[in-house]
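Chemist: Shown below is the structure under consideration.
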Amino acid sequence: MRTILITGPGGSGRTTLAAATALAAAAKGTRTLVLGTDRTDTLGTALGTPTGPEPVKAAPGLTAWRPDPAQDFRTDLTALQDRASSALDLLGASRLDPEELSPLPGAEELALLRALRDAALSGSYDLLVVDLPPAPQALALLALPEELRRYLRRLLPPERQAARALRPVLGRLAGVPMPAEWLYETAARWDLELAAVEAVVADRDTVVRLVAEPGPAGADALRTARLGLALRGLRTDVVVANRVLPEASPDTWLAGPVAQQRKTLDEWRESYDVRTVAHLGRDPVGADDLAALAAPGVDPDAPVPAVEWPVADRLGEDGVLVWHIPLPGALREELDLVRRGDELVVTAGRFRRIVPLPSALRRCTVDGAALREGELRIRFAPDPKLWPQTR
């Protein structure tokens, strides 16, 4: 299944383009699901069909779905209370009824991630189009599965489950129920669910499509989003320049905006695969308007470029291994690297990621780093105490 994650700066028309992309694919016979994330039904407005917590048929071959974070939050917390009933009773805590539960911050993101996982695993669709939040929130959302899994592994390391058989004995000796069993089981279940979402996001058939209106604000947003996506190792598809004004127009006041858009488009084409979508002169609503946009299509058989962070062996020439990390748009003064055991903390501008070192580099020390042509190159020198010695 091909997955297209669509985002861009707020107000760029990303929801409209997501709806148009999904509708165009369905019209060609592709079984398509479009997922919405806005609290208000902006997706339904664009499609001309209301959407909600249950999937609905928006057009032949097209299903639309806007998950309900409140319902998912109530279900999860109720299940957690049931599993922790012994510990709660021991503490004298009173349970919360589902009717009094309101979603906490982060519930919307988790609901979307769960819907993304369920849609991918269902096998019912050939294409999944996701209308993500604006770019800054979308980047944080896409980072969530990896970061939450890391927190779980640090707080409840799987290795500690080796003492599992001792817990019933400890419980009888202490005279109270031991909550560790359900706690580890819950953590393992969460880790499995997060791993499934992470696999969908990192899959080679998943791409991010950026939507922006050509202009200074859109250019800044694209540079920032491109850097954040590169640090996460995510593949980008195309850049959709939305609401492009007509070159020839009798309105003289359009000359300035048209010239600015043309200048921005020329700059974008030097770095991105740019597709343009014309300004209709109104907000697109319904299938006819979406078709008139002629949104860029989706070729399910088109190869998706791989994103690689290769390690170059330069031991013979320079005595080092070089880790190449593509970071287009990164600035030298906004880069920071910290080695923590077998992990590397990379900060690029407003983005930060903790990545495990490849196995060969774990037996090395950091020998230096340089940023060249949008690529971070980190040199690692073998540690004599850990590196195999040749005789």
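Identifiers for the structure tokens are assigned positionally: chains receive A, B, ... in sequence, residues are indexed from 1 per chain, and ligands are indexed from 1 in the order shown.
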Please, which residues of segment 264-362 of chain A, numbered as in this document, come out alpha helix (DSSP H) from DSSP, as a PyMOL selection string?
Modeler: chain A and resi 264-269+286-293
Chemist: Please write the residues from the selection above to a file, keeping all heavy atoms, as a compact mmCIF listing (two decimals), in the first residue's frame.
Modeler:
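Ended up saving to result.txt:
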# COMPACT_ATOMS: atom_id res chain seq x y z
N THR A 264 9.61 32.89 -6.65
CA THR A 264 9.68 31.81 -5.67
C THR A 264 9.68 30.45 -6.35
O THR A 264 10.45 29.55 -5.99
CB THR A 264 8.50 31.90 -4.69
OG1 THR A 264 8.53 33.16 -4.03
CG2 THR A 264 8.58 30.80 -3.64
N LEU A 265 8.84 30.28 -7.37
CA LEU A 265 8.78 29.00 -8.09
C LEU A 265 10.10 28.68 -8.76
O LEU A 265 10.54 27.52 -8.76
CB LEU A 265 7.65 29.04 -9.11
CG LEU A 265 6.23 28.97 -8.55
CD1 LEU A 265 5.20 29.22 -9.65
CD2 LEU A 265 5.98 27.63 -7.89
N ASP A 266 10.76 29.68 -9.35
CA ASP A 266 12.06 29.44 -9.98
C ASP A 266 13.08 28.97 -8.94
O ASP A 266 13.89 28.07 -9.22
CB ASP A 266 12.55 30.73 -10.65
CG ASP A 266 11.74 31.08 -11.89
OD1 ASP A 266 11.05 30.17 -12.42
OD2 ASP A 266 11.77 32.25 -12.31
N GLU A 267 13.03 29.54 -7.74
CA GLU A 267 13.96 29.12 -6.68
C GLU A 267 13.64 27.72 -6.20
O GLU A 267 14.54 26.90 -5.96
CB GLU A 267 13.89 30.11 -5.52
CG GLU A 267 14.41 31.51 -5.86
CD GLU A 267 14.16 32.50 -4.75
OE1 GLU A 267 13.44 32.14 -3.78
OE2 GLU A 267 14.67 33.64 -4.83
N TRP A 268 12.36 27.42 -6.06
CA TRP A 268 11.97 26.09 -5.59
C TRP A 268 12.40 25.01 -6.57
O TRP A 268 12.82 23.92 -6.16
CB TRP A 268 10.45 26.03 -5.38
CG TRP A 268 10.00 26.73 -4.13
CD1 TRP A 268 10.77 27.37 -3.23
CD2 TRP A 268 8.65 26.84 -3.66
NE1 TRP A 268 10.00 27.90 -2.21
CE2 TRP A 268 8.69 27.58 -2.46
CE3 TRP A 268 7.42 26.41 -4.14
CZ2 TRP A 268 7.55 27.88 -1.72
CZ3 TRP A 268 6.27 26.71 -3.42
CH2 TRP A 268 6.34 27.44 -2.21
N ARG A 269 12.26 25.28 -7.85
CA ARG A 269 12.57 24.25 -8.84
C ARG A 269 14.05 23.87 -8.83
O ARG A 269 14.42 22.82 -9.38
CB ARG A 269 12.15 24.73 -10.23
CG ARG A 269 10.62 24.80 -10.40
CD ARG A 269 10.22 25.07 -11.84
NE ARG A 269 8.77 25.04 -12.00
CZ ARG A 269 8.00 26.11 -12.12
NH1 ARG A 269 8.56 27.34 -12.11
NH2 ARG A 269 6.69 26.00 -12.25
N GLY A 286 -16.47 20.52 -2.91
CA GLY A 286 -17.16 19.50 -3.67
C GLY A 286 -16.29 18.88 -4.75
O GLY A 286 -15.19 19.37 -5.07
N ALA A 287 -16.79 17.78 -5.30
CA ALA A 287 -16.01 16.98 -6.24
C ALA A 287 -15.63 17.74 -7.50
O ALA A 287 -14.51 17.59 -8.02
CB ALA A 287 -16.79 15.72 -6.60
N ASP A 288 -16.53 18.58 -8.01
CA ASP A 288 -16.23 19.30 -9.26
C ASP A 288 -15.07 20.27 -9.07
O ASP A 288 -14.17 20.35 -9.92
CB ASP A 288 -17.47 20.06 -9.73
CG ASP A 288 -18.58 19.12 -10.21
OD1 ASP A 288 -18.26 17.94 -10.51
OD2 ASP A 288 -19.74 19.55 -10.26
N ASP A 289 -15.07 21.02 -7.98
CA ASP A 289 -13.98 21.96 -7.73
C ASP A 289 -12.66 21.23 -7.49
O ASP A 289 -11.60 21.65 -7.96
CB ASP A 289 -14.29 22.84 -6.51
CG ASP A 289 -15.28 23.95 -6.84
OD1 ASP A 289 -15.60 24.11 -8.03
OD2 ASP A 289 -15.73 24.65 -5.91
N LEU A 290 -12.72 20.11 -6.76
CA LEU A 290 -11.49 19.36 -6.50
C LEU A 290 -10.91 18.80 -7.79
O LEU A 290 -9.69 18.77 -7.97
CB LEU A 290 -11.78 18.22 -5.51
CG LEU A 290 -12.18 18.64 -4.08
CD1 LEU A 290 -12.42 17.41 -3.22
CD2 LEU A 290 -11.12 19.53 -3.45
N ALA A 291 -11.77 18.34 -8.68
CA ALA A 291 -11.28 17.84 -9.97
C ALA A 291 -10.67 18.96 -10.80
O ALA A 291 -9.68 18.75 -11.51
CB ALA A 291 -12.42 17.16 -10.73
N ALA A 292 -11.24 20.16 -10.69
CA ALA A 292 -10.73 21.30 -11.45
C ALA A 292 -9.33 21.71 -11.00
O ALA A 292 -8.58 22.33 -11.77
CB ALA A 292 -11.69 22.49 -11.32
N LEU A 293 -8.95 21.37 -9.78
CA LEU A 293 -7.62 21.71 -9.29
C LEU A 293 -6.53 20.94 -10.03
O LEU A 293 -5.38 21.39 -10.10
CB LEU A 293 -7.51 21.42 -7.79
CG LEU A 293 -8.32 22.32 -6.86
CD1 LEU A 293 -8.19 21.82 -5.43
CD2 LEU A 293 -7.84 23.76 -6.95
Chemist: Please extract the residues of segment 123-311 of chain A with a backbone DSSP assignment of strand (DSSP E) and present them as a list in words.
Modeler: Leu127, Leu128, Val129, Val130, Asp131, Thr206, Val207, Val208, Arg209, Leu210, Val211, Ala212, Thr236, Asp237, Val238, Val239, Val240, Ala241, Asn242, Arg243, Val244, Val274, Arg275, Thr276, Val277, Ala278 and Val311 of chain A
Chemist: The selected residues should be written to file as a short mmCIF file (atom, residue, chain, number, x, y, z; two decimals), in the first residue's frame (atoms: N, CA, C and O atoms).
Modeler:
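Resulting contents of again_29.cif:
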data_model
loop_
_atom_site.label_atom_id
_atom_site.label_comp_id
_atom_site.auth_asym_id
_atom_site.auth_seq_id
_atom_site.Cartn_x
_atom_site.Cartn_y
_atom_site.Cartn_z
N LEU A 127 -4.26 2.86 -1.46
CA LEU A 127 -3.64 4.16 -1.22
C LEU A 127 -4.23 4.76 0.04
O LEU A 127 -5.45 4.75 0.23
N LEU A 128 -3.36 5.29 0.88
CA LEU A 128 -3.78 5.99 2.09
C LEU A 128 -3.27 7.42 1.99
O LEU A 128 -2.07 7.65 1.89
N VAL A 129 -4.19 8.39 2.02
CA VAL A 129 -3.84 9.81 1.99
C VAL A 129 -4.17 10.39 3.36
O VAL A 129 -5.31 10.29 3.82
N VAL A 130 -3.17 10.98 4.01
CA VAL A 130 -3.35 11.50 5.37
C VAL A 130 -3.19 13.00 5.35
O VAL A 130 -2.13 13.52 4.98
N ASP A 131 -4.24 13.70 5.77
CA ASP A 131 -4.19 15.15 5.92
C ASP A 131 -3.60 15.46 7.29
O ASP A 131 -4.32 15.51 8.29
N THR A 206 6.00 4.91 1.83
CA THR A 206 5.40 6.07 2.50
C THR A 206 6.21 7.32 2.16
O THR A 206 7.44 7.33 2.30
N VAL A 207 5.53 8.35 1.69
CA VAL A 207 6.20 9.60 1.34
C VAL A 207 5.45 10.77 1.96
O VAL A 207 4.27 10.67 2.30
N VAL A 208 6.16 11.88 2.11
CA VAL A 208 5.56 13.11 2.61
C VAL A 208 5.46 14.08 1.45
O VAL A 208 6.45 14.34 0.75
N ARG A 209 4.27 14.62 1.24
CA ARG A 209 4.05 15.60 0.18
C ARG A 209 3.81 16.95 0.83
O ARG A 209 2.91 17.11 1.66
N LEU A 210 4.62 17.94 0.46
CA LEU A 210 4.56 19.26 1.05
C LEU A 210 3.72 20.20 0.18
O LEU A 210 3.90 20.25 -1.04
N VAL A 211 2.83 20.93 0.84
CA VAL A 211 1.97 21.90 0.15
C VAL A 211 2.28 23.29 0.70
O VAL A 211 2.34 23.49 1.92
N ALA A 212 2.51 24.25 -0.19
CA ALA A 212 2.80 25.62 0.24
C ALA A 212 2.38 26.59 -0.84
O ALA A 212 2.36 26.25 -2.03
N THR A 236 10.52 12.50 0.95
CA THR A 236 9.61 13.51 0.43
C THR A 236 9.22 13.14 -0.99
O THR A 236 10.01 12.55 -1.75
N ASP A 237 8.00 13.50 -1.35
CA ASP A 237 7.44 13.18 -2.65
C ASP A 237 7.66 14.37 -3.58
O ASP A 237 8.70 14.50 -4.22
N VAL A 238 6.69 15.24 -3.65
CA VAL A 238 6.80 16.46 -4.45
C VAL A 238 6.38 17.64 -3.59
O VAL A 238 5.76 17.48 -2.55
N VAL A 239 6.73 18.81 -4.05
CA VAL A 239 6.24 20.04 -3.44
C VAL A 239 5.12 20.58 -4.32
O VAL A 239 5.32 20.79 -5.52
N VAL A 240 3.96 20.77 -3.73
CA VAL A 240 2.81 21.30 -4.46
C VAL A 240 2.71 22.79 -4.19
O VAL A 240 2.46 23.21 -3.05
N ALA A 241 2.94 23.58 -5.22
CA ALA A 241 2.77 25.03 -5.12
C ALA A 241 1.30 25.33 -5.35
O ALA A 241 0.80 25.21 -6.47
N ASN A 242 0.62 25.71 -4.30
CA ASN A 242 -0.84 25.87 -4.34
C ASN A 242 -1.23 27.33 -4.60
O ASN A 242 -0.48 28.26 -4.29
N ARG A 243 -2.40 27.48 -5.16
CA ARG A 243 -3.00 28.81 -5.42
C ARG A 243 -2.08 29.67 -6.29
O ARG A 243 -1.82 30.84 -5.99
N VAL A 244 -1.59 29.09 -7.36
CA VAL A 244 -0.74 29.84 -8.29
C VAL A 244 -1.61 30.73 -9.17
O VAL A 244 -2.57 30.26 -9.80
N VAL A 274 8.69 20.29 -8.21
CA VAL A 274 7.56 21.19 -7.97
C VAL A 274 6.43 20.91 -8.95
O VAL A 274 6.65 20.76 -10.14
N ARG A 275 5.21 20.82 -8.40
CA ARG A 275 3.99 20.74 -9.22
C ARG A 275 3.10 21.92 -8.82
O ARG A 275 3.00 22.25 -7.63
N THR A 276 2.49 22.54 -9.78
CA THR A 276 1.68 23.73 -9.50
C THR A 276 0.19 23.40 -9.57
O THR A 276 -0.24 22.56 -10.37
N VAL A 277 -0.57 24.08 -8.72
CA VAL A 277 -2.03 23.97 -8.70
C VAL A 277 -2.58 25.39 -8.80
O VAL A 277 -2.23 26.25 -7.98
N ALA A 278 -3.43 25.62 -9.78
CA ALA A 278 -3.92 26.97 -10.04
C ALA A 278 -4.91 27.45 -8.99
O ALA A 278 -5.61 26.65 -8.35
N VAL A 311 27.55 4.57 6.03
CA VAL A 311 28.83 4.66 6.73
C VAL A 311 29.92 4.30 5.73
O VAL A 311 29.95 3.17 5.21
#
Chemist: List the spatial neighbours of segment 352-356 of chain A as number ranges by chain - criterion: any atom at most 10 Å away, only C-alpha atoms, same-chain residues fewer than 2 positions off excluded.
Modeler: A: 143, 146-147, 150, 228, 231-232, 335-350, 358-359, 361-362
Chemist: Would you kindly return, as a PyMOL selection string, each protein, DNA or RNA residue with an atom no farther than 9 Å from any atom of Leu152 of chain A, considering only C-alpha atoms and excluding same-chain residues fewer than 2 positions away?
Modeler: chain A and resi 147-150+154-157+187-188+190-191
Chemist: At what distance in Å, to one decimal, does atom CA of Pro303 of chain A lie from atom CA of Leu227 of chain A?
Modeler: 22.3 Å
Chemist: Return the single residue from A:Gly29, A:Ala115, A:Gly10, A:Thr42 that is closest to Glu54 of chain A, with distances computed using only C-alpha atoms.
Modeler: A:Ala115
Chemist: Name all residues at most 9 Å from Pro216 of chain A (count only C-alpha atoms; drop same-chain ones fewer than 4 positions away) and give them as a list in words.
Modeler: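 My reading of the contact set: Asp220, Ala221, Gln260 and Thr264 of chain A.
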Chemist: Dump all heavy atoms for the selected residues as a short mmCIF file (atom, residue, chain, number, x, y, z; two decimals), in the first residue's frame?
Modeler:
data_model
loop_
_atom_site.label_atom_id
_atom_site.label_comp_id
_atom_site.auth_asym_id
_atom_site.auth_seq_id
_atom_site.Cartn_x
_atom_site.Cartn_y
_atom_site.Cartn_z
N ASP A 220 10.12 29.87 3.58
CA ASP A 220 10.71 29.63 4.90
C ASP A 220 10.15 28.34 5.51
O ASP A 220 10.89 27.55 6.11
CB ASP A 220 10.43 30.81 5.83
CG ASP A 220 11.22 32.05 5.43
OD1 ASP A 220 12.21 31.92 4.68
OD2 ASP A 220 10.83 33.15 5.86
N ALA A 221 8.84 28.15 5.37
CA ALA A 221 8.21 26.95 5.93
C ALA A 221 8.73 25.69 5.25
O ALA A 221 8.95 24.66 5.91
CB ALA A 221 6.69 27.04 5.79
N GLN A 260 6.14 37.85 -7.76
CA GLN A 260 6.69 37.24 -6.55
C GLN A 260 6.55 35.73 -6.58
O GLN A 260 7.49 34.99 -6.23
CB GLN A 260 6.00 37.81 -5.32
CG GLN A 260 6.60 37.33 -4.00
CD GLN A 260 5.88 37.89 -2.80
OE1 GLN A 260 4.74 37.52 -2.52
NE2 GLN A 260 6.53 38.79 -2.09
N THR A 264 9.61 32.89 -6.65
CA THR A 264 9.68 31.81 -5.67
C THR A 264 9.68 30.45 -6.35
O THR A 264 10.45 29.55 -5.99
CB THR A 264 8.50 31.90 -4.69
OG1 THR A 264 8.53 33.16 -4.03
CG2 THR A 264 8.58 30.80 -3.64
#
Chemist: Find the residue from A:Ala119, A:Ala225, A:Leu315, A:Met1 that sits nearest to Arg379 of chain A; use only C-alpha atoms when measuring.
Modeler: A:Leu315
Chemist: Show which residues sit within 6 Å of segment 132-140 of chain A, as an NGL selection string. Count only C-alpha atoms, and ignore same-chain residues fewer than 6 positions away.
Modeler: :A and (6-10)
Chemist: Go ahead and save the picked residues with C-alpha atoms, as a PDB file, in the first residue's frame.
Modeler:
ATOM      1  CA  ILE A   6       0.353  15.675   3.264  1.00  0.00           C
ATOM      2  CA  THR A   7       1.393  18.700   5.284  1.00  0.00           C
ATOM      3  CA  GLY A   8       2.513  22.285   4.894  1.00  0.00           C
ATOM      4  CA  PRO A   9       2.264  25.645   6.610  1.00  0.00           C
ATOM      5  CA  GLY A  10      -1.052  26.579   8.164  1.00  0.00           C
TER       6      GLY A  10
END
Chemist: Just give me the gap between atom CA of Thr30 of chain A and atom CA of Gly13 of chain A in Å, one decimal is fine.
Modeler: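 Interatomic distance, atom CA of Thr30 of chain A to atom CA of Gly13 of chain A: 23.3 Å.
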